[in-house]
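Participant: Data file data.cif (mmCIF, C-alpha atoms and all ligand atoms) is appended below.
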data_entry
loop_
_atom_site.label_atom_id
_atom_site.label_comp_id
_atom_site.auth_asym_id
_atom_site.auth_seq_id
_atom_site.Cartn_x
_atom_site.Cartn_y
_atom_site.Cartn_z
CA MET E 15 -18.36 32.87 -40.75
CA ALA E 16 -15.44 34.64 -39.12
CA THR E 17 -15.60 38.07 -37.54
CA VAL E 18 -13.58 40.27 -39.88
CA ILE E 19 -11.23 42.44 -37.82
CA ASP E 20 -11.33 45.95 -39.26
CA GLY E 21 -7.74 47.15 -38.88
CA LYS E 22 -8.58 50.57 -40.25
CA ALA E 23 -11.27 51.15 -37.61
CA VAL E 24 -9.08 49.85 -34.76
CA ALA E 25 -6.21 52.05 -36.00
CA GLN E 26 -8.53 55.06 -36.08
CA THR E 27 -9.62 54.44 -32.49
CA ILE E 28 -6.01 54.17 -31.32
CA ARG E 29 -5.04 57.30 -33.27
CA SER E 30 -7.77 59.28 -31.49
CA GLU E 31 -6.45 57.98 -28.16
CA ILE E 32 -2.90 59.04 -29.14
CA ALA E 33 -4.07 62.51 -30.28
CA GLU E 34 -5.82 62.95 -26.93
CA GLU E 35 -2.66 62.00 -25.01
CA VAL E 36 -0.55 64.34 -27.17
CA ARG E 37 -2.91 67.22 -26.27
CA ALA E 38 -2.66 66.32 -22.57
CA LEU E 39 1.17 66.21 -22.73
CA SER E 40 1.25 69.54 -24.50
CA GLN E 41 -0.88 71.10 -21.74
CA LYS E 42 1.13 69.52 -18.93
CA TYR E 43 4.68 70.05 -20.23
CA GLY E 44 4.29 72.61 -23.03
CA LYS E 45 5.94 70.12 -25.38
CA VAL E 46 4.80 67.56 -27.96
CA PRO E 47 6.36 64.23 -29.05
CA GLY E 48 8.77 64.42 -31.98
CA LEU E 49 9.56 61.73 -34.57
CA ALA E 50 12.52 61.92 -36.95
CA VAL E 51 12.02 59.97 -40.16
CA VAL E 52 15.25 59.43 -42.09
CA ILE E 53 15.11 58.33 -45.71
CA VAL E 54 18.07 57.58 -47.95
CA GLY E 55 17.62 57.69 -51.73
CA ASN E 56 14.40 57.76 -53.71
CA ARG E 57 12.93 54.27 -53.77
CA LYS E 58 9.26 54.74 -54.60
CA ASP E 59 7.93 52.28 -52.01
CA SER E 60 10.10 53.75 -49.21
CA GLN E 61 9.01 57.28 -50.13
CA SER E 62 5.38 56.28 -49.97
CA TYR E 63 5.81 54.63 -46.51
CA VAL E 64 7.74 57.66 -45.24
CA GLY E 65 5.07 60.00 -46.63
CA MET E 66 2.38 58.05 -44.75
CA LYS E 67 4.35 58.23 -41.51
CA ARG E 68 4.95 61.98 -41.79
CA LYS E 69 1.31 62.67 -42.67
CA ALA E 70 0.10 60.59 -39.72
CA CYS E 71 2.37 62.59 -37.37
CA ALA E 72 0.85 65.84 -38.59
CA GLU E 73 -2.69 64.53 -38.04
CA LEU E 74 -1.96 63.56 -34.43
CA GLY E 75 -0.05 66.66 -33.38
CA ILE E 76 3.31 64.84 -33.31
CA LYS E 77 6.15 66.98 -34.66
CA SER E 78 7.95 65.31 -37.53
CA PHE E 79 11.58 65.95 -38.40
CA ASP E 80 12.20 65.10 -42.04
CA ILE E 81 15.73 64.01 -42.96
CA ASP E 82 16.08 63.22 -46.67
CA LEU E 83 19.55 62.04 -47.70
CA PRO E 84 20.86 61.26 -51.18
CA GLU E 85 21.37 57.66 -52.35
CA GLN E 86 25.17 58.09 -52.30
CA VAL E 87 25.40 59.38 -48.71
CA SER E 88 28.26 57.65 -46.87
CA GLU E 89 27.65 55.34 -43.94
CA SER E 90 29.60 57.67 -41.65
CA ASP E 91 27.55 60.73 -42.68
CA LEU E 92 24.33 58.81 -42.06
CA ILE E 93 25.60 57.76 -38.64
CA LYS E 94 26.54 61.40 -37.91
CA GLN E 95 22.92 62.36 -38.65
CA VAL E 96 21.69 59.65 -36.30
CA HIS E 97 24.03 60.95 -33.56
CA GLN E 98 22.67 64.49 -34.02
CA LEU E 99 19.11 63.20 -33.68
CA ASN E 100 20.14 61.16 -30.61
CA VAL E 101 21.07 64.39 -28.78
CA ASN E 102 18.22 66.56 -30.11
CA PRO E 103 15.90 67.03 -27.09
CA ASP E 104 12.84 67.63 -29.32
CA VAL E 105 13.22 64.22 -30.99
CA HIS E 106 11.80 61.25 -29.06
CA GLY E 107 11.80 58.68 -31.82
CA ILE E 108 14.16 57.99 -34.72
CA LEU E 109 13.15 55.87 -37.65
CA VAL E 110 15.58 55.01 -40.43
CA GLN E 111 13.54 53.73 -43.36
CA LEU E 112 14.78 50.33 -44.61
CA PRO E 113 16.15 49.02 -46.90
CA LEU E 114 19.28 51.17 -47.04
CA PRO E 115 21.48 51.26 -50.15
CA LYS E 116 23.88 48.30 -50.49
CA HIS E 117 27.01 50.28 -49.46
CA ILE E 118 25.56 50.94 -46.01
CA ASN E 119 25.55 48.35 -43.21
CA GLU E 120 21.97 48.46 -41.88
CA GLU E 121 22.73 46.70 -38.61
CA LYS E 122 25.53 49.13 -37.84
CA VAL E 123 23.30 52.15 -38.48
CA LEU E 124 20.37 50.75 -36.46
CA SER E 125 22.62 49.96 -33.50
CA GLU E 126 23.72 53.63 -33.41
CA ILE E 127 20.16 54.79 -32.66
CA SER E 128 19.79 55.70 -28.99
CA LEU E 129 17.91 52.93 -27.15
CA GLU E 130 15.51 55.55 -25.73
CA LYS E 131 14.58 56.65 -29.28
CA ASP E 132 14.46 53.25 -31.04
CA VAL E 133 10.76 53.50 -31.97
CA ASP E 134 11.05 50.77 -34.62
CA GLY E 135 12.26 48.41 -31.89
CA PHE E 136 15.01 47.00 -34.13
CA HIS E 137 17.99 47.85 -31.89
CA PRO E 138 19.73 44.54 -31.05
CA LEU E 139 19.42 45.32 -27.32
CA ASN E 140 15.67 45.90 -27.59
CA ILE E 141 15.29 42.64 -29.54
CA GLY E 142 17.52 40.90 -26.99
CA LYS E 143 15.30 42.04 -24.11
CA LEU E 144 12.24 40.90 -26.04
CA ALA E 145 13.79 37.43 -26.13
CA MET E 146 14.54 37.37 -22.39
CA LYS E 147 12.17 36.25 -19.67
CA ASP E 148 11.15 38.94 -17.17
CA ARG E 149 12.77 41.73 -19.22
CA ASP E 150 10.89 44.32 -21.20
CA PRO E 151 12.29 46.18 -24.20
CA LEU E 152 11.71 49.95 -24.27
CA PHE E 153 9.91 49.58 -27.62
CA LEU E 154 8.17 46.69 -29.38
CA PRO E 155 8.63 46.31 -33.17
CA CYS E 156 5.60 47.91 -34.82
CA THR E 157 4.13 45.13 -36.99
CA PRO E 158 4.29 42.39 -34.31
CA LYS E 159 2.89 44.89 -31.77
CA ALA E 160 0.06 45.60 -34.25
CA CYS E 161 -0.77 41.87 -34.43
CA ILE E 162 -1.03 41.53 -30.65
CA GLU E 163 -3.06 44.75 -30.35
CA LEU E 164 -5.52 43.49 -33.00
CA LEU E 165 -5.95 40.23 -31.09
CA SER E 166 -6.46 41.89 -27.73
CA ARG E 167 -8.82 44.60 -29.02
CA SER E 168 -10.88 41.86 -30.69
CA GLY E 169 -11.23 40.04 -27.36
CA VAL E 170 -9.02 37.08 -28.35
CA SER E 171 -7.15 35.78 -25.31
CA ILE E 172 -3.62 34.52 -25.89
CA LYS E 173 -2.66 32.93 -22.57
CA GLY E 174 -2.42 29.14 -22.81
CA LYS E 175 -3.40 29.10 -26.51
CA LYS E 176 -1.54 27.27 -29.26
CA ALA E 177 -0.13 29.89 -31.63
CA VAL E 178 1.62 29.33 -34.95
CA VAL E 179 3.68 32.07 -36.60
CA VAL E 180 4.40 31.53 -40.27
CA GLY E 181 7.71 33.24 -41.12
CA ARG E 182 10.81 33.96 -39.01
CA SER E 183 12.10 37.32 -40.28
CA ASN E 184 13.79 39.73 -37.87
CA ILE E 185 11.11 42.38 -38.41
CA VAL E 186 7.91 40.31 -38.26
CA GLY E 187 7.93 36.55 -37.69
CA LEU E 188 10.60 36.22 -35.02
CA PRO E 189 9.53 39.16 -32.81
CA ALA E 190 5.84 38.17 -33.25
CA SER E 191 6.63 34.71 -31.90
CA LEU E 192 8.54 36.22 -28.95
CA LEU E 193 5.61 38.53 -28.14
CA LEU E 194 3.16 35.61 -28.21
CA LEU E 195 5.49 33.68 -25.92
CA LYS E 196 5.63 36.66 -23.51
CA ALA E 197 1.80 36.63 -23.55
CA ASP E 198 1.95 32.96 -22.42
CA ALA E 199 0.97 31.23 -25.68
CA THR E 200 2.54 27.92 -26.70
CA VAL E 201 4.33 29.00 -29.86
CA THR E 202 5.46 27.13 -32.97
CA ILE E 203 7.25 28.80 -35.86
CA VAL E 204 6.67 27.55 -39.40
CA HIS E 205 9.21 28.66 -42.02
CA SER E 206 10.40 27.89 -45.53
CA ARG E 207 12.14 24.67 -44.45
CA THR E 208 9.19 23.33 -42.44
CA THR E 209 7.72 20.12 -43.82
CA GLN E 210 3.94 19.71 -43.86
CA PRO E 211 3.14 23.19 -42.54
CA GLU E 212 -0.59 22.53 -42.96
CA SER E 213 -0.67 19.89 -40.21
CA ILE E 214 1.05 22.29 -37.78
CA ILE E 215 -1.11 25.30 -38.69
CA ARG E 216 -4.27 23.19 -38.32
CA GLU E 217 -3.50 22.80 -34.58
CA ALA E 218 -3.33 26.55 -33.97
CA ASP E 219 -5.85 28.61 -32.02
CA ILE E 220 -3.99 31.69 -33.26
CA VAL E 221 -2.20 32.02 -36.62
CA ILE E 222 0.05 34.94 -37.52
CA ALA E 223 0.95 34.67 -41.19
CA ALA E 224 4.05 36.56 -42.35
CA ALA E 225 5.65 34.52 -45.13
CA GLY E 226 5.12 36.84 -48.11
CA GLN E 227 3.53 33.95 -50.08
CA PRO E 228 0.24 34.92 -51.77
CA MET E 229 -2.74 32.92 -50.44
CA MET E 230 -0.51 30.06 -49.33
CA ILE E 231 -2.68 29.21 -46.29
CA LYS E 232 -5.89 27.51 -47.39
CA GLY E 233 -9.19 27.30 -45.56
CA SER E 234 -8.62 23.59 -44.90
CA TRP E 235 -5.41 24.47 -42.98
CA ILE E 236 -7.32 26.52 -40.40
CA LYS E 237 -8.72 25.10 -37.17
CA PRO E 238 -12.41 26.01 -36.89
CA GLY E 239 -12.80 29.11 -34.71
CA ALA E 240 -9.11 30.12 -34.86
CA ALA E 241 -7.97 33.75 -34.89
CA VAL E 242 -6.04 34.50 -38.09
CA ILE E 243 -3.86 37.60 -38.40
CA ASP E 244 -2.59 38.00 -41.95
CA VAL E 245 0.50 40.21 -42.20
CA GLY E 246 1.32 39.16 -45.77
CA THR E 247 1.05 41.94 -48.34
CA ASN E 248 1.59 40.54 -51.81
CA ALA E 249 0.91 42.18 -55.17
CA VAL E 250 -0.64 39.76 -57.69
CA ASP E 251 -1.50 40.49 -61.33
CA ASP E 252 -5.08 41.60 -61.87
CA PRO E 253 -5.94 42.88 -65.33
CA THR E 254 -9.36 44.09 -64.07
CA LYS E 255 -7.60 46.75 -61.95
CA LYS E 256 -6.37 50.04 -63.35
CA SER E 257 -2.99 49.47 -61.72
CA GLY E 258 -2.82 45.94 -63.19
CA TYR E 259 -2.41 44.37 -59.74
CA ARG E 260 -4.15 43.88 -56.40
CA LEU E 261 -2.90 43.14 -52.91
CA VAL E 262 -3.55 39.78 -51.28
CA GLY E 263 -2.43 38.26 -48.00
CA ASP E 264 -0.68 34.99 -47.18
CA VAL E 265 -4.07 33.53 -46.31
CA ASP E 266 -6.79 32.57 -48.79
CA PHE E 267 -9.32 34.97 -47.23
CA GLU E 268 -12.32 33.66 -49.17
CA GLU E 269 -11.83 30.10 -47.86
CA ALA E 270 -10.37 30.85 -44.43
CA SER E 271 -13.09 33.33 -43.43
CA LYS E 272 -15.61 30.46 -43.65
CA VAL E 273 -13.68 28.47 -41.01
CA ALA E 274 -11.91 30.96 -38.73
CA GLY E 275 -13.41 32.70 -35.72
CA TRP E 276 -11.63 35.99 -36.48
CA ILE E 277 -9.65 37.08 -39.51
CA THR E 278 -7.91 40.22 -40.76
CA PRO E 279 -8.37 41.26 -44.40
CA VAL E 280 -5.61 42.41 -46.77
CA PRO E 281 -5.62 45.30 -47.33
CA GLY E 282 -7.27 46.91 -44.29
CA GLY E 283 -6.01 44.61 -41.54
CA VAL E 284 -2.48 44.79 -40.15
CA GLY E 285 -1.27 47.47 -42.62
CA PRO E 286 -3.08 50.51 -41.13
CA MET E 287 -2.09 49.37 -37.64
CA THR E 288 1.66 49.28 -38.26
CA VAL E 289 2.09 53.05 -38.72
CA THR E 290 -0.25 53.61 -35.77
CA MET E 291 2.03 51.50 -33.55
CA LEU E 292 4.99 53.64 -34.64
CA LEU E 293 3.12 56.74 -33.47
CA HIS E 294 2.22 54.95 -30.24
CA ASN E 295 5.88 54.09 -29.66
CA THR E 296 6.83 57.73 -30.26
CA LEU E 297 4.24 58.82 -27.70
CA GLU E 298 5.61 56.32 -25.16
CA GLY E 299 9.19 57.52 -25.78
CA ALA E 300 8.14 61.15 -25.30
CA LYS E 301 6.20 60.38 -22.11
CA ARG E 302 9.23 58.62 -20.59
CA CYS E 303 11.45 61.55 -21.54
CA PHE E 304 9.08 64.27 -20.22
CA GLU E 305 8.53 62.42 -16.94
CA LYS E 306 12.28 61.90 -16.44
CA ASN E 307 13.13 65.57 -17.03
CA HIS E 308 10.22 67.04 -15.12
P1 LIG X 1 10.77 38.07 -45.32
O1 LIG X 1 10.86 37.71 -46.76
O2 LIG X 1 11.90 38.78 -44.65
O3 LIG X 1 10.50 36.73 -44.48
C1 LIG X 1 9.59 35.77 -44.90
C2 LIG X 1 9.64 34.61 -43.95
O4 LIG X 1 8.69 33.65 -44.40
C3 LIG X 1 10.98 33.89 -43.90
O5 LIG X 1 11.33 33.68 -42.56
C4 LIG X 1 10.74 32.54 -44.59
O6 LIG X 1 11.40 31.46 -43.94
C5 LIG X 1 9.25 32.37 -44.46
N1 LIG X 1 8.69 31.68 -45.62
C6 LIG X 1 8.90 31.95 -46.93
N2 LIG X 1 8.22 31.07 -47.70
C7 LIG X 1 7.56 30.23 -46.86
C8 LIG X 1 6.71 29.13 -47.05
N3 LIG X 1 6.37 28.69 -48.26
N4 LIG X 1 6.22 28.51 -45.95
C9 LIG X 1 6.53 28.94 -44.71
N5 LIG X 1 7.34 30.01 -44.47
C10 LIG X 1 7.85 30.63 -45.53
O7 LIG X 1 9.41 38.89 -45.17
P2 LIG X 1 8.90 39.87 -44.00
O8 LIG X 1 9.60 41.16 -44.09
O9 LIG X 1 8.85 39.15 -42.70
O10 LIG X 1 7.39 40.11 -44.51
C11 LIG X 1 6.47 39.04 -44.63
C12 LIG X 1 5.21 39.54 -45.32
O11 LIG X 1 4.63 40.55 -44.51
C13 LIG X 1 5.45 40.21 -46.67
O12 LIG X 1 4.35 39.94 -47.52
C14 LIG X 1 5.48 41.69 -46.35
O13 LIG X 1 5.09 42.51 -47.43
C15 LIG X 1 4.47 41.76 -45.24
N6 LIG X 1 4.65 42.87 -44.28
C16 LIG X 1 3.56 43.62 -43.99
C17 LIG X 1 3.66 44.64 -43.05
C18 LIG X 1 2.44 45.42 -42.71
O14 LIG X 1 2.52 46.41 -42.02
N7 LIG X 1 1.26 44.99 -43.11
C19 LIG X 1 4.88 44.93 -42.44
C20 LIG X 1 5.98 44.13 -42.75
C21 LIG X 1 5.85 43.09 -43.67
#
Turn this file's structure into structure tokens for me.
Facilitator:
Amino acid sequence: MATVIDGKAVAQTIRSEIAEEVRALSQKYGKVPGLAVVIVGNRKDSQSYVGMKRKACAELGIKSFDIDLPEQVSESDLIKQVHQLNVNPDVHGILVQLPLPKHINEEKVLSEISLEKDVDGFHPLNIGKLAMKDRDPLFLPCTPKACIELLSRSGVSIKGKKAVVVGRSNIVGLPASLLLLKADATVTIVHSRTTQPESIIREADIVIAAAGQPMMIKGSWIKPGAAVIDVGTNAVDDPTKKSGYRLVGDVDFEEASKVAGWITPVPGGVGPMTVTMLLHNTLEGAKRCFEKNH
């Protein structure tokens, strides 16, 4: 039976470490890290993510700057807001909650965020550096960073291992594969056009699943002893639940946990770690800024 990696517990440990560092910074410089969270419109899911991020800031002593803009805000007004946050010395991280309304060009807005404050790690230059050998981006994208942190805190070594990433999105699959490569794994990416994914996944010592396909990866696809990080968060109908649905991953947990060496559950695996990595990035941004101006 696999060791189940408790993402909630790991996240809690890291949050205590962050809170401790925030206290130390406050004593040393008389300042705390600041995170600006920008939300456009009132999508329920986005509001709930933003709420979680703001609450987590408060718990850790990070100052949060809340920018709530109406659905119909123009692209230029949103960019103006970003520019104001770029020059605000109390803000060390800027997060623009995605998706943005259709009339706004997301890439354009994200590329206006100052590189030093790009705590989501989505700025094209940060992604570019992630893809280059011997270069380090200022910030790593939060979900892929969460996957690597879960592996390393569980004692899974990456160097020289065969890793398979399922999914190639800009926010999860692609940067996760680049991070594994930087950690010296031999990396294969499986995506929607891959034929016979099971034979490729079965070779992997490490699997990061981020396809958004409920329970697609079966126990028989997993190499015995492999480490399985399941990013997938899919709602499936469940009439036994009050809400009428439950969340499942991209991996069939029941089957795979009998074969794998380590596995993350859904929920309670990668999810709680993602927001924690955002807070960690904000702390790193603030530290760089305080040290530079000291
Ligand atoms: P996406 O839809 O942007 O990308 C999905 C990727 O999976 C694509 O590259 C596609 O080629 C690939 N794919 C689709 N069907 C496939 C199949 N049958 N076989 C192999 N590959 C296939 O999704 P995303 O934003 O990368 O998110 C992926 C999943 O991770 C979703 O379930 C999402 O909810 C979840 N997610 C969780 C967190 C978290 O913090 N836990 C964060 C981000 C995303």
Participant: Would you list the residues that come within 10 Å of ligand LIG 1 (chain X)? Count all atoms listed in the file and give the answer as a PyMOL selection string.
Facilitator: chain E and resi 63+156-158+160-161+179-190+203-212+223-228+230-231+244-249+261-264+280-291
Participant: Please provide as a PyMOL selection string all residues within 10 Å of Gln86 of chain E, with the sequence filter that same-chain residues fewer than 2 positions apart are discarded (counting all atoms listed in the file).
Facilitator: chain E and resi 54-55+83-84+88-89+115+117-118
Participant: Can you tell me which residues surround segment 294-298 of chain E at a distance of at most 9 Å, considering all atoms listed in the file, apart from same-chain residues fewer than 6 positions away, and format the answer as a PDB file with C-alpha atoms, keeping the file's coordinate frame?
Facilitator:
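Listing of out.pdb after writing:
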ATOM      1  CA  ILE E  28      -6.010  54.170 -31.320  1.00  0.00           C
ATOM      2  CA  ARG E  29      -5.040  57.300 -33.270  1.00  0.00           C
ATOM      3  CA  ILE E  32      -2.900  59.040 -29.140  1.00  0.00           C
ATOM      4  CA  GLU E  35      -2.660  62.000 -25.010  1.00  0.00           C
ATOM      5  CA  VAL E  36      -0.550  64.340 -27.170  1.00  0.00           C
ATOM      6  CA  VAL E  46       4.800  67.560 -27.960  1.00  0.00           C
ATOM      7  CA  PRO E  47       6.360  64.230 -29.050  1.00  0.00           C
ATOM      8  CA  GLY E  48       8.770  64.420 -31.980  1.00  0.00           C
ATOM      9  CA  LEU E  49       9.560  61.730 -34.570  1.00  0.00           C
ATOM     10  CA  ILE E  76       3.310  64.840 -33.310  1.00  0.00           C
ATOM     11  CA  HIS E 106      11.800  61.250 -29.060  1.00  0.00           C
ATOM     12  CA  GLY E 107      11.800  58.680 -31.820  1.00  0.00           C
ATOM     13  CA  ILE E 108      14.160  57.990 -34.720  1.00  0.00           C
ATOM     14  CA  LYS E 131      14.580  56.650 -29.280  1.00  0.00           C
ATOM     15  CA  ASP E 132      14.460  53.250 -31.040  1.00  0.00           C
ATOM     16  CA  VAL E 133      10.760  53.500 -31.970  1.00  0.00           C
ATOM     17  CA  ASP E 134      11.050  50.770 -34.620  1.00  0.00           C
ATOM     18  CA  GLY E 135      12.260  48.410 -31.890  1.00  0.00           C
ATOM     19  CA  LEU E 152      11.710  49.950 -24.270  1.00  0.00           C
ATOM     20  CA  PHE E 153       9.910  49.580 -27.620  1.00  0.00           C
ATOM     21  CA  LEU E 154       8.170  46.690 -29.380  1.00  0.00           C
ATOM     22  CA  PRO E 155       8.630  46.310 -33.170  1.00  0.00           C
ATOM     23  CA  CYS E 156       5.600  47.910 -34.820  1.00  0.00           C
TER      24      CYS E 156
END
Participant: Choose the residue, out of E:Val123, E:Ala16, E:Met146, E:Ala240, that has the smallest atom-to-atom separation from Ser171 of chain E; count all atoms listed in the file.
Facilitator: E:Ala240
Participant: Which distance in Å separates atom CA of Val101 of chain E and atom CA of Ala300 of chain E, to one decimal?
Facilitator: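 Answer for the atom CA of Val101 of chain E to atom CA of Ala300 of chain E separation: 13.8 Å.
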Participant: Name all residues at most 8 Å from Leu129 of chain E (count only C-alpha atoms; drop same-chain ones fewer than 4 positions away) and give them as a list in words.
Facilitator: His137, Leu139, Asn140 and Leu152 of chain E
Participant: With all atoms listed in the file as the basis for distance, which of E:Leu293, E:Lys272, E:Ser168, E:Gln41 is at the shortest distance from Glu73 of chain E?
Facilitator: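 Ranked by minimum distance to Glu73 of chain E, first place goes to E:Leu293.
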Participant: Given only C-alpha atoms as the basis, pick out the residue of E:Asp219, E:Asp251, E:Glu269, E:Glu130 nearest to Arg302 of chain E.
Facilitator: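 Ranking E:Asp219, E:Asp251, E:Glu269, E:Glu130 by distance to Arg302 of chain E, first place goes to E:Glu130.
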Participant: Up to 8 Å from (-9.3, 32.1, -41.6) in the file's coordinates: name the residues, counting all atoms listed in the file, as a count of residues only.
Facilitator: 18
Participant: Enclose the full set of atoms of segment 212-221 of chain E listed in the file within a box whose edges lie along x, y and z, apply 5 Å of padding to each of the six sides, and report centre and edge lengths in Å to one decimal as JSON.
Facilitator:
{"center_x": -2.4, "center_y": 26.0, "center_z": -37.5, "size_x": 16.9, "size_y": 22.1, "size_z": 20.9}
Participant: Atom CA of Val52 of chain E and atom CA of Leu92 of chain E, how far apart in Å?
Facilitator: 9.1 Å
Participant: What does the distance between atom CA of Asn119 of chain E and atom CA of Arg68 of chain E come to in Å, to one decimal place?
Facilitator: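 It comes out at 24.7 Å.
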Participant: At a cut-off of 12 Å, using all atoms listed in the file, what residues contact Leu194 of chain E? Leave out same-chain residues fewer than 5 positions from it and give the result as a PyMOL selection string.
Facilitator: chain E and resi 144-145+158-159+161-163+165-166+171-179+187-189+199-203+220-222
Participant: Using only C-alpha atoms, which of the listed residues (E:Leu114, E:Ala38, E:Cys303, E:Ala23) sits closest to Ser60 of chain E?
Facilitator: E:Leu114
Participant: Quick one: everything within 10 Å of Ile53 of chain E, counting all atoms listed in the file, minus sequence neighbours fewer than 2 positions away in the same chain. Send it as a list of chain:residue names.
Facilitator: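 Skipping anything fewer than 2 positions along the chain leaves E:Ala50, E:Val51, E:Gly55, E:Asn56, E:Arg57, E:Ser60, E:Gln61, E:Val64, E:Asp80, E:Ile81, E:Asp82, E:Leu83, E:Pro84, E:Glu85, E:Leu92, E:Leu109, E:Val110, E:Gln111, E:Leu112, E:Pro113, E:Leu114.
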Participant: Using all atoms listed in the file, can you tell me which of E:Asp59, E:Asp20, E:Glu268, E:Glu120 comes closest to Phe136 of chain E?
Facilitator: E:Glu120
Participant: Compare E:Gln98, E:Asn307, E:Thr17, E:Ser125 by their minimum atom-to-atom distance to Lys45 of chain E, counting all atoms listed in the file, and give me the closest one.
Facilitator: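 Under the stated criterion, the closest residue is E:Asn307.
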Participant: Working from the structure I just supplied, which lacks atoms in segment 204-224 of chain E, can you model N, CA and C atoms there and output them as a PDB file, keeping the file's coordinate frame?
Facilitator:
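Result file part-v9.pdb:
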ATOM      1  N   VAL E 204       6.604  28.267 -38.114  1.00  0.00           N
ATOM      2  CA  VAL E 204       6.670  27.550 -39.400  1.00  0.00           C
ATOM      3  C   VAL E 204       7.465  28.437 -40.362  1.00  0.00           C
ATOM      4  N   HIS E 205       8.402  27.851 -41.098  1.00  0.00           N
ATOM      5  CA  HIS E 205       9.210  28.660 -42.020  1.00  0.00           C
ATOM      6  C   HIS E 205       9.425  27.904 -43.320  1.00  0.00           C
ATOM      7  N   SER E 206      10.281  28.440 -44.170  1.00  0.00           N
ATOM      8  CA  SER E 206      10.400  27.890 -45.530  1.00  0.00           C
ATOM      9  C   SER E 206      10.956  26.468 -45.559  1.00  0.00           C
ATOM     10  N   ARG E 207      11.592  26.036 -44.476  1.00  0.00           N
ATOM     11  CA  ARG E 207      12.140  24.670 -44.450  1.00  0.00           C
ATOM     12  C   ARG E 207      11.229  23.707 -43.660  1.00  0.00           C
ATOM     13  N   THR E 208      10.095  24.190 -43.214  1.00  0.00           N
ATOM     14  CA  THR E 208       9.190  23.330 -42.440  1.00  0.00           C
ATOM     15  C   THR E 208       8.484  22.357 -43.382  1.00  0.00           C
ATOM     16  N   THR E 209       8.457  21.073 -42.983  1.00  0.00           N
ATOM     17  CA  THR E 209       7.720  20.120 -43.820  1.00  0.00           C
ATOM     18  C   THR E 209       6.284  20.014 -43.285  1.00  0.00           C
ATOM     19  N   GLN E 210       5.367  19.821 -44.178  1.00  0.00           N
ATOM     20  CA  GLN E 210       3.940  19.710 -43.860  1.00  0.00           C
ATOM     21  C   GLN E 210       3.422  20.825 -42.949  1.00  0.00           C
ATOM     22  N   PRO E 211       3.591  22.077 -43.387  1.00  0.00           N
ATOM     23  CA  PRO E 211       3.140  23.190 -42.540  1.00  0.00           C
ATOM     24  C   PRO E 211       1.646  23.106 -42.222  1.00  0.00           C
ATOM     25  N   GLU E 212       0.865  22.528 -43.163  1.00  0.00           N
ATOM     26  CA  GLU E 212      -0.590  22.530 -42.960  1.00  0.00           C
ATOM     27  C   GLU E 212      -0.999  21.779 -41.691  1.00  0.00           C
ATOM     28  N   SER E 213      -0.269  20.665 -41.390  1.00  0.00           N
ATOM     29  CA  SER E 213      -0.670  19.890 -40.210  1.00  0.00           C
ATOM     30  C   SER E 213      -0.349  20.654 -38.925  1.00  0.00           C
ATOM     31  N   ILE E 214       0.683  21.497 -38.963  1.00  0.00           N
ATOM     32  CA  ILE E 214       1.050  22.290 -37.780  1.00  0.00           C
ATOM     33  C   ILE E 214       0.076  23.457 -37.629  1.00  0.00           C
ATOM     34  N   ILE E 215      -0.216  24.120 -38.739  1.00  0.00           N
ATOM     35  CA  ILE E 215      -1.110  25.300 -38.690  1.00  0.00           C
ATOM     36  C   ILE E 215      -2.515  24.878 -38.253  1.00  0.00           C
ATOM     37  N   ARG E 216      -2.919  23.678 -38.659  1.00  0.00           N
ATOM     38  CA  ARG E 216      -4.270  23.190 -38.320  1.00  0.00           C
ATOM     39  C   ARG E 216      -4.480  23.015 -36.805  1.00  0.00           C
ATOM     40  N   GLU E 217      -3.407  22.946 -36.050  1.00  0.00           N
ATOM     41  CA  GLU E 217      -3.500  22.800 -34.580  1.00  0.00           C
ATOM     42  C   GLU E 217      -3.675  24.142 -33.885  1.00  0.00           C
ATOM     43  N   ALA E 218      -3.478  25.237 -34.628  1.00  0.00           N
ATOM     44  CA  ALA E 218      -3.330  26.550 -33.970  1.00  0.00           C
ATOM     45  C   ALA E 218      -4.658  27.215 -33.636  1.00  0.00           C
ATOM     46  N   ASP E 219      -4.718  27.757 -32.395  1.00  0.00           N
ATOM     47  CA  ASP E 219      -5.850  28.610 -32.020  1.00  0.00           C
ATOM     48  C   ASP E 219      -5.630  30.020 -32.575  1.00  0.00           C
ATOM     49  N   ILE E 220      -4.342  30.368 -32.730  1.00  0.00           N
ATOM     50  CA  ILE E 220      -3.990  31.690 -33.260  1.00  0.00           C
ATOM     51  C   ILE E 220      -2.942  31.485 -34.357  1.00  0.00           C
ATOM     52  N   VAL E 221      -3.183  32.094 -35.519  1.00  0.00           N
ATOM     53  CA  VAL E 221      -2.200  32.020 -36.620  1.00  0.00           C
ATOM     54  C   VAL E 221      -1.776  33.437 -36.959  1.00  0.00           C
ATOM     55  N   ILE E 222      -0.459  33.677 -36.968  1.00  0.00           N
ATOM     56  CA  ILE E 222       0.050  34.940 -37.520  1.00  0.00           C
ATOM     57  C   ILE E 222       0.832  34.582 -38.764  1.00  0.00           C
ATOM     58  N   ALA E 223       0.348  35.053 -39.912  1.00  0.00           N
ATOM     59  CA  ALA E 223       0.950  34.670 -41.190  1.00  0.00           C
ATOM     60  C   ALA E 223       1.825  35.798 -41.709  1.00  0.00           C
ATOM     61  N   ALA E 224       3.120  35.543 -41.859  1.00  0.00           N
ATOM     62  CA  ALA E 224       4.050  36.560 -42.350  1.00  0.00           C
ATOM     63  C   ALA E 224       5.137  35.891 -43.186  1.00  0.00           C
TER      64      ALA E 224
END
